[in-house]
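Asks: Structure below; questions to follow.
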Amino acid sequence: QVRLEESGGGSVQAGGSLRLSCTASFSISSTCLAWFRQAPGKQRDVVATISSGGGKTFYADSVKGRFAISRVNNDNMVALQMNSLKPEDTAIYYCASMNKGDDCYYRDRLSESDYKSWGQGTQVTVSS
């Protein structure tokens with residue numbers, strides 16, 4: 001099972017930007033990748049997903065137009081660029097991967113149970 005490690009979290013004022021990165025222990029080019037987040041006292045929800053070839057992305061309504069998911073170096077990294085951050089974006093952000101060969105191009109995969117590998121999470125705090 002692939003190991004995932006997030007980086008790039010931190011504290012920022014409202015309106016600011018952060019870029020999260022997720023590095024995999026081996027190639028994740030042939031599967032769907034996602035970013036989830038969990039705010040204190042709330043369930044973990046999907047933020048964005050990207051298909052194996054990068055041709056299909058999904059964004060939660062709350063982040064559309066502000067966040068962008070991308071594959072970096074094509075092979076073992078995925079990033080989440082977060083702009084115009086709001087206090088309600090404060091959460092722990094998790095990178096997740098489906099099993100090799102599983103994809104989200106033809107069907108959105110928005111459930112935690114679709115993803116089999118998870119990082120430990122990185123804290124993002126947005127102050128007003």
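Ligands are numbered from 1 in the order shown, residues from 1 within each chain, and chains are lettered A, B, ... in the order they appear in the structure tokens.
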Quick one: residues within 8 Å of Asp45 of chain A, only C-alpha atoms counted, chain neighbours fewer than 6 positions away excluded, as a ChimeraX atom specification?
Replies: /A:36-38,111-112
Asks: Write out as a PyMOL selection string each polymer residue whose atoms come within 7 Å of Lys86 of chain A, counting only C-alpha atoms; drop sequence neighbours fewer than 6 positions from it.
Replies: chain A and resi 14-15+126
Asks: Of the candidates A:Asn73, A:Gln1, A:Ser30, A:Ser11, which shows the shortest atom-to-atom distance to Gln123 of chain A, using only C-alpha atoms?
Replies: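 Closest to Gln123 of chain A of all the choices is A:Ser11.
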Asks: Pick from A:Lys116, A:Lys56, A:Arg44, A:Arg66: nearest to Ser97 of chain A, with only C-alpha atoms counted?
Replies: A:Lys116
Asks: Of the candidates A:Leu20, A:Leu4, A:Val72, A:Cys104, which shows the shortest atom-to-atom distance to Thr49 of chain A, using only C-alpha atoms?
Replies: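 Among the listed residues, A:Cys104 lies closest to Thr49 of chain A.
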Asks: Tell me, which residues of segment 26-116 of chain A carry DSSP strand (DSSP E or B), written as a ChimeraX atom specification?
Replies: /A:33-38,44-50,57-59,67-72,77-82,91-97
Asks: Keeping N, CA and C atoms, export the residues of the selection given above as a CSV table (one decimal), in the first residue's frame.
Replies:
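In the end it all went to part13.csv:
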```csv
chain,number,residue,atom,x,y,z
A,33,LEU,N,-6.7,10.5,-7.1
A,33,LEU,CA,-6.2,11.1,-5.9
A,33,LEU,C,-7.2,12.2,-5.3
A,34,ALA,N,-7.1,12.4,-4.0
A,34,ALA,CA,-8.1,13.4,-3.5
A,34,ALA,C,-7.5,14.1,-2.3
A,35,TRP,N,-8.0,15.2,-2.0
A,35,TRP,CA,-7.8,16.0,-0.7
A,35,TRP,C,-9.1,16.0,0.0
A,36,PHE,N,-9.1,15.6,1.3
A,36,PHE,CA,-10.2,15.7,2.2
A,36,PHE,C,-9.8,16.7,3.3
A,37,ARG,N,-10.8,17.1,4.1
A,37,ARG,CA,-10.5,17.9,5.2
A,37,ARG,C,-11.5,17.6,6.3
A,38,GLN,N,-11.0,17.9,7.6
A,38,GLN,CA,-11.8,17.6,8.7
A,38,GLN,C,-11.7,18.8,9.7
A,44,ARG,N,-15.1,14.2,8.1
A,44,ARG,CA,-14.2,14.4,7.1
A,44,ARG,C,-14.9,14.5,5.7
A,45,ASP,N,-14.7,15.5,5.0
A,45,ASP,CA,-15.3,15.7,3.7
A,45,ASP,C,-14.3,15.9,2.6
A,46,VAL,N,-14.8,15.5,1.4
A,46,VAL,CA,-13.9,15.7,0.2
A,46,VAL,C,-13.8,17.2,-0.1
A,47,VAL,N,-12.6,17.6,-0.5
A,47,VAL,CA,-12.4,18.9,-1.0
A,47,VAL,C,-12.2,19.0,-2.5
A,48,ALA,N,-11.3,18.0,-3.0
A,48,ALA,CA,-11.1,18.0,-4.5
A,48,ALA,C,-10.6,16.6,-4.8
A,49,THR,N,-10.8,16.2,-6.1
A,49,THR,CA,-10.3,15.0,-6.6
A,49,THR,C,-9.7,15.2,-8.0
A,50,ILE,N,-8.8,14.3,-8.4
A,50,ILE,CA,-8.2,14.4,-9.7
A,50,ILE,C,-8.0,13.0,-10.3
A,57,THR,N,-11.3,16.7,-12.9
A,57,THR,CA,-11.2,17.2,-11.5
A,57,THR,C,-12.6,17.4,-10.9
A,58,PHE,N,-12.7,17.4,-9.6
A,58,PHE,CA,-13.9,17.7,-8.9
A,58,PHE,C,-13.6,18.6,-7.7
A,59,TYR,N,-14.5,19.5,-7.5
A,59,TYR,CA,-14.3,20.4,-6.3
A,59,TYR,C,-15.6,20.5,-5.5
A,67,PHE,N,-9.7,27.0,-4.9
A,67,PHE,CA,-8.7,25.9,-4.8
A,67,PHE,C,-8.4,25.2,-6.1
A,68,ALA,N,-7.2,24.7,-6.3
A,68,ALA,CA,-6.9,24.0,-7.5
A,68,ALA,C,-6.0,22.8,-7.2
A,69,ILE,N,-6.5,21.6,-7.6
A,69,ILE,CA,-5.7,20.3,-7.4
A,69,ILE,C,-4.9,20.0,-8.7
A,70,SER,N,-3.7,19.5,-8.5
A,70,SER,CA,-2.9,19.2,-9.7
A,70,SER,C,-2.0,18.1,-9.4
A,71,ARG,N,-1.6,17.4,-10.4
A,71,ARG,CA,-0.5,16.4,-10.3
A,71,ARG,C,0.8,17.1,-10.5
A,72,VAL,N,1.8,16.8,-9.7
A,72,VAL,CA,3.1,17.4,-9.9
A,72,VAL,C,4.1,16.4,-10.3
A,77,MET,N,3.4,12.9,-6.9
A,77,MET,CA,3.0,14.0,-6.1
A,77,MET,C,1.7,14.6,-6.6
A,78,VAL,N,1.0,15.2,-5.6
A,78,VAL,CA,-0.2,15.9,-5.9
A,78,VAL,C,-0.3,17.1,-5.0
A,79,ALA,N,-0.8,18.2,-5.6
A,79,ALA,CA,-0.8,19.5,-4.8
A,79,ALA,C,-2.2,20.1,-4.7
A,80,LEU,N,-2.4,20.9,-3.7
A,80,LEU,CA,-3.6,21.7,-3.6
A,80,LEU,C,-3.3,23.1,-3.4
A,81,GLN,N,-3.5,23.9,-4.4
A,81,GLN,CA,-3.3,25.4,-4.2
A,81,GLN,C,-4.5,26.0,-3.7
A,82,MET,N,-4.4,26.7,-2.5
A,82,MET,CA,-5.5,27.3,-1.9
A,82,MET,C,-5.4,28.8,-1.8
A,91,ALA,N,-9.0,23.5,9.1
A,91,ALA,CA,-9.2,22.1,9.2
A,91,ALA,C,-7.9,21.3,9.1
A,92,ILE,N,-7.9,20.0,9.3
A,92,ILE,CA,-6.8,19.2,9.0
A,92,ILE,C,-7.1,18.7,7.6
A,93,TYR,N,-6.1,18.8,6.7
A,93,TYR,CA,-6.2,18.4,5.3
A,93,TYR,C,-5.5,17.1,5.1
A,94,TYR,N,-6.1,16.1,4.5
A,94,TYR,CA,-5.6,14.8,4.2
A,94,TYR,C,-5.5,14.5,2.7
A,95,CYS,N,-4.4,13.9,2.3
A,95,CYS,CA,-4.2,13.4,1.0
A,95,CYS,C,-4.7,12.0,1.0
A,96,ALA,N,-5.3,11.5,-0.1
A,96,ALA,CA,-5.8,10.1,-0.2
A,96,ALA,C,-5.7,9.6,-1.6
A,97,SER,N,-5.5,8.3,-1.7
A,97,SER,CA,-5.3,7.6,-3.0
A,97,SER,C,-6.2,6.4,-3.0
```
Asks: Using DSSP on the backbone, list every residue of chain A that comes out as helix (DSSP H, G or I), and give them as a PDB file with C-alpha atoms, in the first residue's frame.
Replies:
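Okay, this is what ended up in out_25.pdb:
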```pdb
ATOM      1  CA  PRO A  87     -11.676  31.057   8.415  1.00  0.00           C
ATOM      2  CA  GLU A  88     -14.093  28.253   7.554  1.00  0.00           C
ATOM      3  CA  ASP A  89     -11.300  26.555   5.609  1.00  0.00           C
ATOM      4  CA  GLU A 112     -13.874   8.172   2.290  1.00  0.00           C
ATOM      5  CA  SER A 113     -14.437   4.481   1.674  1.00  0.00           C
ATOM      6  CA  ASP A 114     -13.355   4.873  -1.971  1.00  0.00           C
TER       7      ASP A 114
END
```
Asks: Could you pull the residues within 7 Å of Ala24 of chain A, counting only C-alpha atoms, minus those fewer than 3 positions along the same chain, as a CSV table (one decimal) with all heavy atoms, in the first residue's frame?
Replies:
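What follows is the written file selection28.csv:
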```
chain,number,residue,atom,x,y,z
A,2,VAL,N,0.5,2.2,-0.8
A,2,VAL,CA,1.3,3.4,-0.9
A,2,VAL,C,1.3,4.2,0.4
A,2,VAL,O,0.3,4.3,1.0
A,2,VAL,CB,0.9,4.3,-2.1
A,2,VAL,CG1,-0.5,4.8,-1.9
A,2,VAL,CG2,1.8,5.4,-2.4
A,3,ARG,N,2.4,4.8,0.7
A,3,ARG,CA,2.4,5.8,1.9
A,3,ARG,C,2.4,7.2,1.4
A,3,ARG,O,3.1,7.5,0.4
A,3,ARG,CB,3.7,5.5,2.7
A,3,ARG,CG,3.8,4.2,3.4
A,3,ARG,CD,4.9,4.2,4.5
A,3,ARG,NE,6.1,4.6,3.9
A,3,ARG,CZ,6.9,3.7,3.3
A,3,ARG,NH1,6.6,2.4,3.2
A,3,ARG,NH2,8.1,4.1,2.8
A,4,LEU,N,1.6,8.0,2.0
A,4,LEU,CA,1.4,9.4,1.6
A,4,LEU,C,1.8,10.3,2.7
A,4,LEU,O,1.5,10.0,3.9
A,4,LEU,CB,-0.1,9.6,1.2
A,4,LEU,CG,-0.7,8.7,0.1
A,4,LEU,CD1,-2.2,8.9,0.0
A,4,LEU,CD2,0.0,9.0,-1.2
A,5,GLU,N,2.4,11.4,2.3
A,5,GLU,CA,2.9,12.4,3.4
A,5,GLU,C,2.5,13.8,2.9
A,5,GLU,O,3.0,14.2,1.8
A,5,GLU,CB,4.4,12.2,3.6
A,5,GLU,CG,4.9,13.2,4.7
A,5,GLU,CD,6.3,13.0,5.1
A,5,GLU,OE1,6.9,12.1,4.5
A,5,GLU,OE2,6.8,13.7,6.0
A,27,SER,N,4.8,5.4,-7.3
A,27,SER,CA,4.0,6.1,-8.3
A,27,SER,C,2.5,6.0,-8.0
A,27,SER,O,2.0,4.9,-7.7
A,27,SER,CB,4.3,5.4,-9.7
A,27,SER,OG,3.4,5.9,-10.7
A,28,ILE,N,1.9,7.1,-8.2
A,28,ILE,CA,0.4,7.2,-8.0
A,28,ILE,C,-0.2,7.8,-9.3
A,28,ILE,O,-1.3,8.4,-9.3
A,28,ILE,CB,0.0,8.1,-6.8
A,28,ILE,CG1,0.8,9.4,-6.8
A,28,ILE,CG2,0.2,7.3,-5.5
A,28,ILE,CD1,0.4,10.4,-5.7
A,76,ASN,N,4.5,11.0,-8.7
A,76,ASN,CA,4.2,10.6,-7.3
A,76,ASN,C,3.9,11.8,-6.4
A,76,ASN,O,4.2,11.8,-5.2
A,76,ASN,CB,5.5,9.9,-6.7
A,76,ASN,CG,6.7,10.8,-6.5
A,76,ASN,OD1,6.8,11.8,-7.3
A,76,ASN,ND2,7.5,10.5,-5.6
A,77,MET,N,3.4,12.9,-6.9
A,77,MET,CA,3.0,14.0,-6.1
A,77,MET,C,1.7,14.6,-6.6
A,77,MET,O,1.4,14.6,-7.7
A,77,MET,CB,4.1,15.1,-6.1
A,77,MET,CG,5.4,14.8,-5.5
A,77,MET,SD,6.6,16.2,-5.5
A,77,MET,CE,5.7,17.3,-4.4
```
Asks: Just give me the gap between atom CA of Asp108 of chain A and atom CA of Lys64 of chain A in Å, one decimal is fine.
Replies: 15.6 Å
Asks: Which residue gives the smallest distance to Asp75 of chain A among A:Met98, A:Tyr106, A:Cys22, A:Gly10, with only C-alpha atoms counted?
Replies: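 Between A:Met98, A:Tyr106, A:Cys22, A:Gly10, the residue approaching Asp75 of chain A most closely is A:Cys22.
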